[in-house]
>>> print(open('final-v6.txt').read())   # compact mmCIF, C-alpha atoms
# COMPACT_ATOMS: atom_id res chain seq x y z
CA MET A 1 9.67 60.14 -64.92
CA ALA A 2 12.27 62.65 -63.81
CA LYS A 3 11.30 66.31 -63.97
CA ASP A 4 14.00 68.73 -65.02
CA VAL A 5 12.93 71.45 -62.63
CA ARG A 6 13.69 69.50 -59.50
CA ALA A 7 15.10 66.13 -58.57
CA PHE A 8 12.53 64.07 -56.76
CA GLY A 9 12.96 60.98 -54.61
CA ARG A 10 10.41 59.03 -56.59
CA ASP A 11 12.84 58.87 -59.53
CA LEU A 12 15.59 57.21 -57.51
CA TYR A 13 17.08 53.94 -58.65
CA ALA A 14 19.46 52.19 -56.25
CA THR A 15 20.99 48.73 -56.04
CA PHE A 16 23.27 46.78 -53.74
CA GLY A 17 24.62 43.83 -55.69
CA THR A 18 21.55 42.39 -57.40
CA HIS A 19 19.12 43.80 -54.84
CA GLN A 20 17.03 46.83 -55.58
CA LEU A 21 17.01 49.29 -52.71
CA HIS A 22 14.37 51.64 -54.09
CA THR A 23 11.45 49.20 -54.24
CA ASP A 24 9.86 50.26 -50.95
CA PHE A 25 12.23 52.92 -49.68
CA LEU A 26 11.47 55.92 -47.49
CA ASN A 27 14.73 57.78 -47.84
CA VAL A 28 18.24 57.41 -49.17
CA SER A 29 21.07 59.73 -48.10
CA THR A 30 24.61 59.96 -49.39
CA ASN A 31 27.22 61.54 -47.19
CA GLU A 32 30.63 62.35 -48.68
CA ASP A 33 32.83 63.15 -45.73
CA GLY A 34 36.38 64.48 -45.86
CA GLN A 35 39.04 63.45 -43.41
CA LEU A 36 41.18 66.45 -42.47
CA VAL A 37 44.37 66.92 -40.48
CA ASP A 38 45.01 70.05 -38.41
CA LEU A 39 48.19 71.81 -39.57
CA SER A 40 47.77 74.82 -37.33
CA ALA A 41 50.82 76.00 -35.46
CA GLY A 42 50.54 77.07 -31.88
CA SER A 43 51.00 80.75 -32.72
CA ASP A 44 48.49 80.75 -35.64
CA THR A 45 45.49 82.99 -35.31
CA TYR A 46 43.36 80.72 -37.48
CA SER A 47 43.19 76.98 -38.06
CA TYR A 48 44.77 75.45 -41.16
CA TRP A 49 43.56 72.11 -42.41
CA LYS A 50 44.81 69.66 -45.01
CA PHE A 51 42.44 67.38 -46.81
CA LEU A 52 43.61 63.77 -46.64
CA ARG A 53 40.94 61.54 -48.14
CA GLU A 54 37.25 61.12 -48.68
CA SER A 55 35.05 58.62 -46.88
CA THR A 56 31.52 58.18 -48.19
CA THR A 57 28.57 56.54 -46.48
CA VAL A 58 25.10 55.89 -47.84
CA ASP A 59 22.07 55.53 -45.57
CA LEU A 60 18.91 53.76 -46.62
CA GLU A 61 15.60 53.65 -44.78
CA CYS A 62 12.94 51.34 -46.18
CA TRP A 63 9.82 49.51 -45.13
CA PHE A 64 10.63 46.02 -43.95
CA SER A 65 8.13 43.51 -45.29
CA GLY A 66 8.33 39.87 -44.47
CA ASP A 67 6.81 38.72 -47.74
CA GLY A 68 8.39 41.12 -50.20
CA PRO A 69 11.75 42.60 -51.10
CA GLY A 70 12.42 43.40 -47.46
CA SER A 71 13.25 39.86 -46.44
CA ALA A 72 15.57 39.22 -49.38
CA LEU A 73 17.30 42.52 -48.79
CA ARG A 74 17.73 41.72 -45.12
CA ALA A 75 19.32 38.38 -45.97
CA ALA A 76 21.80 40.14 -48.24
CA THR A 77 22.76 42.88 -45.83
CA ASP A 78 24.30 41.33 -42.77
CA PRO A 79 26.83 43.75 -41.32
CA GLY A 80 30.12 43.07 -43.09
CA ASP A 81 28.53 41.97 -46.36
CA GLN A 82 29.92 43.78 -49.35
CA GLY A 83 28.94 44.44 -52.93
CA THR A 84 28.58 47.05 -55.62
CA LEU A 85 26.40 49.97 -54.62
CA THR A 86 24.77 52.12 -57.27
CA ILE A 87 22.71 55.25 -56.75
CA ALA A 88 20.94 56.89 -59.69
CA PRO A 89 19.04 59.90 -58.32
CA LEU A 90 17.18 60.64 -61.54
CA GLY A 91 16.60 57.11 -62.76
CA THR A 92 18.36 55.17 -65.47
CA ALA A 93 17.46 57.06 -68.63
CA SER A 94 20.28 58.00 -70.98
CA THR A 95 22.59 60.78 -69.70
CA LYS A 96 21.23 60.63 -66.15
CA PRO A 97 23.87 60.66 -63.39
CA LYS A 98 25.05 57.46 -61.80
CA PHE A 99 27.11 57.05 -58.64
CA THR A 100 28.85 53.74 -58.00
CA CYS A 101 31.16 52.14 -55.50
CA ASN A 102 32.50 48.71 -56.41
CA THR A 103 33.12 47.70 -52.81
CA ALA A 104 30.52 48.92 -50.39
CA LEU A 105 30.39 47.39 -46.91
CA VAL A 106 27.27 47.03 -44.82
CA ARG A 107 28.33 48.94 -41.75
CA ASN A 108 25.14 49.04 -39.75
CA ARG A 109 21.66 47.59 -39.91
CA ARG A 110 18.78 48.59 -37.71
CA ILE A 111 15.25 47.21 -37.85
CA ASP A 112 12.46 48.91 -35.92
CA TYR A 113 9.32 47.06 -34.90
CA PRO A 114 6.90 49.76 -33.74
CA PHE A 115 3.64 48.49 -32.28
CA ASP A 116 1.43 50.81 -34.29
CA ASN A 117 3.19 51.08 -37.61
CA GLY A 118 4.94 49.08 -40.28
CA CYS A 119 8.44 47.82 -39.54
CA ARG A 120 11.34 49.78 -40.98
CA MET A 121 14.86 48.73 -41.84
CA ARG A 122 17.77 51.17 -41.88
CA LEU A 123 21.06 50.32 -43.50
CA GLN A 124 24.31 52.20 -43.57
CA PHE A 125 26.83 51.38 -46.26
CA GLN A 126 30.46 52.36 -45.91
CA MET A 127 32.28 52.88 -49.21
CA ASN A 128 35.46 50.84 -49.22
CA ASP A 129 36.59 52.26 -52.54
CA SER A 130 36.07 55.39 -54.61
CA TRP A 131 32.62 56.88 -55.06
CA ASP A 132 32.57 57.35 -58.80
CA GLU A 133 30.25 59.55 -60.80
CA SER A 134 29.35 58.64 -64.37
CA SER A 135 26.18 58.67 -66.44
CA TYR A 136 23.86 56.23 -68.16
CA MET B 1 -4.59 50.73 -60.21
CA THR B 2 -7.92 49.57 -58.84
CA PHE B 3 -9.17 51.47 -55.84
CA PRO B 4 -9.73 49.17 -52.88
CA ASP B 5 -13.27 48.03 -52.20
CA LEU B 6 -13.10 48.27 -48.45
CA GLY B 7 -16.85 48.51 -48.07
CA SER B 8 -17.31 44.99 -49.41
CA ALA B 9 -14.40 43.73 -47.29
CA ILE B 10 -15.88 45.19 -44.10
CA TYR B 11 -19.29 43.76 -44.94
CA ALA B 12 -17.86 40.29 -45.58
CA THR B 13 -15.85 40.39 -42.36
CA LEU B 14 -18.83 41.43 -40.25
CA ALA B 15 -21.25 39.07 -41.99
CA ALA B 16 -18.95 36.15 -41.17
CA GLY B 17 -19.33 36.86 -37.46
CA THR B 18 -21.96 34.43 -36.28
CA ALA B 19 -22.27 36.04 -32.84
CA LEU B 20 -22.83 39.44 -34.42
CA ILE B 21 -25.38 38.14 -36.90
CA GLY B 22 -27.14 36.34 -34.06
CA GLU B 23 -27.29 39.54 -31.98
CA LEU B 24 -28.64 41.47 -34.97
CA GLY B 25 -31.19 38.79 -35.81
CA GLY B 26 -29.94 38.56 -39.40
CA THR B 27 -27.45 40.14 -41.75
CA ARG B 28 -28.57 43.67 -40.99
CA ILE B 29 -25.37 45.35 -42.10
CA TYR B 30 -25.57 48.37 -44.39
CA GLU B 31 -23.09 50.73 -46.01
CA ALA B 32 -23.88 54.41 -45.50
CA LEU B 33 -27.64 54.06 -45.01
CA ALA B 34 -30.04 51.39 -43.83
CA PRO B 35 -33.21 50.82 -45.87
CA GLN B 36 -36.07 53.04 -44.82
CA GLY B 37 -38.16 51.33 -42.16
CA GLN B 38 -35.49 48.73 -41.41
CA ALA B 39 -36.16 47.01 -38.10
CA LEU B 40 -33.64 47.61 -35.35
CA PRO B 41 -30.99 46.80 -34.38
CA TYR B 42 -28.61 47.00 -37.30
CA VAL B 43 -25.09 48.00 -38.26
CA VAL B 44 -24.17 50.95 -40.44
CA TYR B 45 -20.68 51.65 -41.69
CA PHE B 46 -19.23 54.38 -43.87
CA ARG B 47 -15.94 55.84 -45.01
CA ALA B 48 -14.83 58.70 -42.78
CA GLY B 49 -11.54 59.70 -44.39
CA GLY B 50 -8.13 58.53 -45.44
CA GLY B 51 -6.13 58.28 -48.61
CA ASP B 52 -2.73 57.55 -50.04
CA ASP B 53 0.31 57.50 -47.74
CA ASN B 54 2.71 58.37 -50.59
CA SER B 55 5.66 57.44 -48.38
CA SER B 56 7.39 55.00 -50.71
CA PRO B 57 7.16 53.62 -54.27
CA ARG B 58 4.89 50.86 -53.02
CA ARG B 59 1.37 52.22 -52.99
CA THR B 60 -0.19 52.13 -49.56
CA ARG B 61 -3.27 53.74 -48.10
CA SER B 62 -4.69 54.48 -44.67
CA GLU B 63 -8.46 54.34 -44.57
CA GLN B 64 -10.76 55.36 -41.74
CA TRP B 65 -14.22 53.88 -41.50
CA VAL B 66 -16.93 54.38 -38.93
CA VAL B 67 -18.70 51.16 -38.00
CA LYS B 68 -21.51 51.33 -35.48
CA GLY B 69 -24.49 49.50 -34.12
CA ILE B 70 -27.83 51.27 -33.83
CA GLY B 71 -30.63 50.15 -31.57
CA THR B 72 -33.27 51.28 -29.10
CA ASP B 73 -31.60 49.42 -26.24
CA VAL B 74 -28.33 50.94 -25.11
CA PHE B 75 -27.04 47.66 -23.75
CA GLN B 76 -27.75 45.90 -27.00
CA ALA B 77 -26.07 48.72 -28.98
CA ARG B 78 -23.01 48.35 -26.77
CA ARG B 79 -23.02 44.59 -27.23
CA ILE B 80 -23.17 45.02 -31.00
CA ASP B 81 -20.26 47.46 -30.75
CA GLU B 82 -18.24 44.83 -28.88
CA LEU B 83 -19.05 42.19 -31.48
CA ILE B 84 -18.07 44.56 -34.31
CA ASP B 85 -14.80 45.23 -32.49
CA GLU B 86 -14.12 41.50 -32.16
CA ARG B 87 -14.37 41.19 -35.94
CA LEU B 88 -12.44 44.28 -36.98
CA HIS B 89 -9.82 45.25 -34.38
CA GLU B 90 -6.63 43.43 -35.36
CA GLY B 91 -8.81 41.57 -37.81
CA SER B 92 -7.97 40.21 -41.22
CA LEU B 93 -9.76 41.79 -44.16
CA SER B 94 -9.72 40.32 -47.64
CA ILE B 95 -9.56 43.11 -50.22
CA THR B 96 -9.26 42.31 -53.91
CA GLY B 97 -5.87 43.44 -55.19
CA TRP B 98 -4.73 44.76 -51.83
CA ASP B 99 -3.30 43.46 -48.57
CA CYS B 100 -4.55 44.75 -45.25
CA TYR B 101 -1.53 44.80 -42.96
CA GLN B 102 -3.22 46.47 -40.03
CA ALA B 103 -6.78 46.95 -38.84
CA ALA B 104 -7.13 48.90 -35.62
CA ARG B 105 -9.81 50.71 -33.71
CA ARG B 106 -8.85 54.33 -33.23
CA THR B 107 -11.70 56.28 -31.65
CA ASP B 108 -15.09 55.53 -30.15
CA VAL B 109 -18.42 56.68 -31.49
CA ALA B 110 -21.23 57.11 -28.96
CA TYR B 111 -24.28 59.31 -29.22
CA THR B 112 -28.03 59.22 -28.97
CA GLU B 113 -30.62 60.30 -31.48
CA PRO B 114 -34.17 61.20 -30.50
CA GLY B 115 -36.87 59.54 -32.55
CA GLY B 116 -40.59 60.00 -32.82
CA GLY B 117 -42.86 59.00 -29.94
CA GLY B 118 -40.16 59.21 -27.32
CA VAL B 119 -37.98 56.54 -28.91
CA VAL B 120 -34.24 56.95 -28.44
CA TYR B 121 -31.80 55.50 -30.92
CA TRP B 122 -28.47 54.54 -29.43
CA HIS B 123 -25.42 54.67 -31.71
CA ARG B 124 -22.39 52.78 -30.44
CA GLY B 125 -19.30 51.95 -32.48
CA GLY B 126 -15.88 53.13 -33.45
CA THR B 127 -13.64 54.54 -36.12
CA TYR B 128 -11.35 51.90 -37.54
CA ARG B 129 -8.14 52.50 -39.41
CA PHE B 130 -7.17 50.08 -42.15
CA ASN B 131 -3.60 50.19 -43.48
CA ILE B 132 -3.49 48.54 -46.86
CA GLY B 133 -0.91 48.11 -49.60
CA GLU B 134 -0.98 47.00 -53.20
>>> encode(input="final-v6.txt", output="structure tokens")
Amino acid sequence: MAKDVRAFGRDLYATFGTHQLHTDFLNVSTNEDGQLVDLSAGSDTYSYWKFLRESTTVDLECWFSGDGPGSALRAATDPGDQGTLTIAPLGTASTKPKFTCNTALVRNRRIDYPFDNGCRMRLQFQMNDSWDESSY
Amino acid sequence: MTFPDLGSAIYATLAAGTALIGELGGTRIYEALAPQGQALPYVVYFRAGGGDDNSSPRRTRSEQWVVKGIGTDVFQARRIDELIDERLHEGSLSITGWDCYQAARRTDVAYTEPGGGGVVYWHRGGTYRFNIGE
């Protein structure tokens, strides 16, 4: 259950298409990056920038299990695959915030196979549409 | 949530080792303490630490257990240690309600204990880490 005093990762709910991302996750990061253009003139003392557009990526790191959700998630996340991505940092109770992109692309997938630890899968999603905030 | 019964799983894994049981001369495998007056050699194992990983929503634990052979012959104690290792290192433990996804020897245990009448008890074994998940 979400605690009002502080958001906590354990409350996270996240999906890509029909696949739950939070089942065995280690970390999820959202990165809303702005693309800027330099409008500075040669004689300007300071730089002047104009905001052009936003480009959001979401990074997921999860345990990669062969017999559980890891394998199904891997099958659904070949680079280039796309789907609806939803991130609900405080869970899905009424009024809790919800972030959604209707067209999220799998940009990068990395799977680590360390000798002395469980295997981990890292995914990076590139938003190919707006990153919308609403609530449940 | 049912806490994992690793003691029973370790016992079952060791007891299924025919070479180990042959070396011991029977199923002389005891958790924490051997019965008073128990003939040597035998195996003693006990929990030495560990707990929840709390790294993801799936509940996983790392458990450390000391498993050692005790005897009055150092070579026999070492042989028992090797046979324990054959059963546990990279072994497969069956734990009710849990999966053991890694079993690995981490550190060695080796010391001597003086007994009455000039007898020396040789302890040889290791600390094993068991990574388990619900």
>>> residues_around(input="final-v6.txt", residues="stretch 90-103 of chain A", least_positions_apart="6", cutoff="12 Å", atoms="all atoms listed in the file", output="MDAnalysis selection string")
chainID A and resid 1:17 22 30 32 55:58 80:84 125:136
>>> closest_residue(input="final-v6.txt", among="B:Thr2, B:Thr60, B:Ser55, B:Gln36", to="chain A", atoms="all atoms listed in the file")
B:Ser55
>>> interface_residues(input="final-v6.txt", of="chain B", to="chain A", cutoff="8 Å", atoms="only C-alpha atoms", output="ChimeraX atom specification")
/B:55-58
>>> closest_residue(input="final-v6.txt", among="B:Cys100, B:Leu20, B:Ala39, B:Ile29", to="B:Val67", atoms="only C-alpha atoms")
B:Ile29
>>> closest_residue(input="final-v6.txt", among="A:Thr45, A:Ser29, A:Thr18, A:Gln35", to="A:Glu61", atoms="all atoms listed in the file")
A:Ser29
>>> atom_distance(input="final-v6.txt", atom1="atom CA of B:Arg105", atom2="atom CA of B:Val120")
25.8 Å
>>> atom_distance(input="final-v6.txt", atom1="atom CA of B:Leu88", atom2="atom CA of B:Leu40")
21.5 Å
>>> decode(input="final-v6.txt", residues="stretch 87-102 of chain B", atoms="C-alpha atoms", output="CSV table (one decimal), in the first residue's frame")
chain,number,residue,atom,x,y,z
B,87,ARG,CA,26.3,-32.8,-2.5
B,88,LEU,CA,25.9,-29.1,-1.8
B,89,HIS,CA,28.1,-27.0,-4.0
B,90,GLU,CA,26.1,-26.2,-7.2
B,91,GLY,CA,23.6,-28.8,-5.8
B,92,SER,CA,19.9,-28.9,-6.1
B,93,LEU,CA,17.9,-28.6,-2.9
B,94,SER,CA,14.2,-29.3,-2.6
B,95,ILE,CA,12.6,-26.8,-0.3
B,96,THR,CA,8.8,-26.8,0.2
B,97,GLY,CA,7.3,-23.7,-1.2
B,98,TRP,CA,10.6,-22.3,-2.4
B,99,ASP,CA,13.0,-22.7,-5.3
B,100,CYS,CA,16.7,-22.9,-4.7
B,101,TYR,CA,18.4,-21.2,-7.7
B,102,GLN,CA,21.9,-21.3,-6.4
